[in-house]
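Structure first, commentary second.
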Amino acid sequence: VFMNRWVMATLKKRLKDKYQKHNIAHLAGRGFEWALLQSQPTSRLYWRTIPTYYRWKYGRELREYEHPPQPFRRLYIDPTKITKRSSRSAGEGVYDVGGVRGGDWDRDCSNVEEIGVFRAIKQRYESKMDWSETPFIQKKLEQVQQGRSTWHGCTSEEDIFDRCEKLEQIFDTIAKEGYKSQPELRSGSPSLTEAFGFLNEYINEIAVDIDRDGEFLFLAGRHRLAMAHVLDIEEIPIAVIVRHEEWMKHRERIATGKAECAHDHPDLVEHTA
């Protein structure tokens, strides 16, 4: 009886959290997408039609330009080209697909090497340190000992080392099978507890913003980015979320012949081919 009450209380809390973040229409839409993905015939229909809707919905700001990029086109780049971290929040920020932002958000960006788990992964595989020896994991262990929830909901030492084991499995898979895009990792019928659908497949790639000079600024996907660095992966798929307003103006000048492209930039491929 106690367990049933606990399960119901947890479920109610999760539903409340989702409702606070999203309205009923959004939740209903996501439920409809999940239902379509439960069988092969409706799943094929989903992948033929839904992408068009998302490209329209998230392409509004880009369509203000004469030569807009496609908002969900993956770019393929050398992961070592991502050296700085966007100042924008990675949480809800990954849902700003197709965004164009002016201002100084692309200035004074920190280095990706300063990200705790990024350093921990490099220490684990390059310096052969045990997970428990890395400052990042030591800090997480201290936090759960203080009764705090940390690192994707870990509340105990067991949770933390289970997560480390999961990272080991991901690392070994990439080392053996190569780095795969989210569509390549797509399974059959998704469950309600996992990310699913066209939008999630895109934002669950390593996500970046593009600054005014065309530099890639890391936004989300720190574990896989660190692993790609360690494994010397030559090229990875990335999801561009937000472009700086000045970069969009530069793209327009190149597209209209008012400026020359000095280098082969992945976000300018349609103008330099």
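Every chain in the structure tokens has a letter given in the order shown (A, B, ...), and although residue numbers restart at 1 in each chain, ligands are simply numbered from 1 in the order shown.
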
- Return as a PyMOL selection string the full set of residues in segment 129-264 of chain A whose backbone-based DSSP assignment is strand (DSSP E). chain A and resi 206-210+216-220+236-244

- Task: Compile the contact shell of segment 107-115 of chain A as a VMD selection string: residues with an atom at most 9 Å away, counting only C-alpha atoms, same-chain residues fewer than 4 positions apart removed.
- Result: chain A and resid 82 to 87 103 119 to 120 211 217 to 218 222 226

- Task: Please provide as a VMD selection string all residues within 10 Å of segment 158-172 of chain A, with the sequence filter that same-chain residues fewer than 4 positions apart are discarded (counting only C-alpha atoms).
- Result: chain A and resid 121 124 to 125 131 to 132 137 140 to 141 144 150 to 154 176 to 179 223 to 224 226 to 228 230 to 231

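Taking only C-alpha atoms into account, Arg186 of chain A lies nearest to A:Leu37 out of the set A:Pro51, A:Leu37, A:Pro69, A:Gly98.
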
- Task: Can you pull out every residue within 9 Å of Glu246 of chain A, counting only C-alpha atoms, but drop anything in the same chain fewer than 2 positions away, and send it as a PyMOL selection string?
- Result: chain A and resi 101-102+211-213+243-244+248-251

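Restricting the calculation to only C-alpha atoms, the smallest distance between Arg44 of chain A and any of A:Glu215, A:Ser189, A:Gly93, A:Arg60 is found for A:Ser189.
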
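Atom CA of Ile77 of chain A is positioned 7.4 Å from atom CA of Ile238 of chain A.
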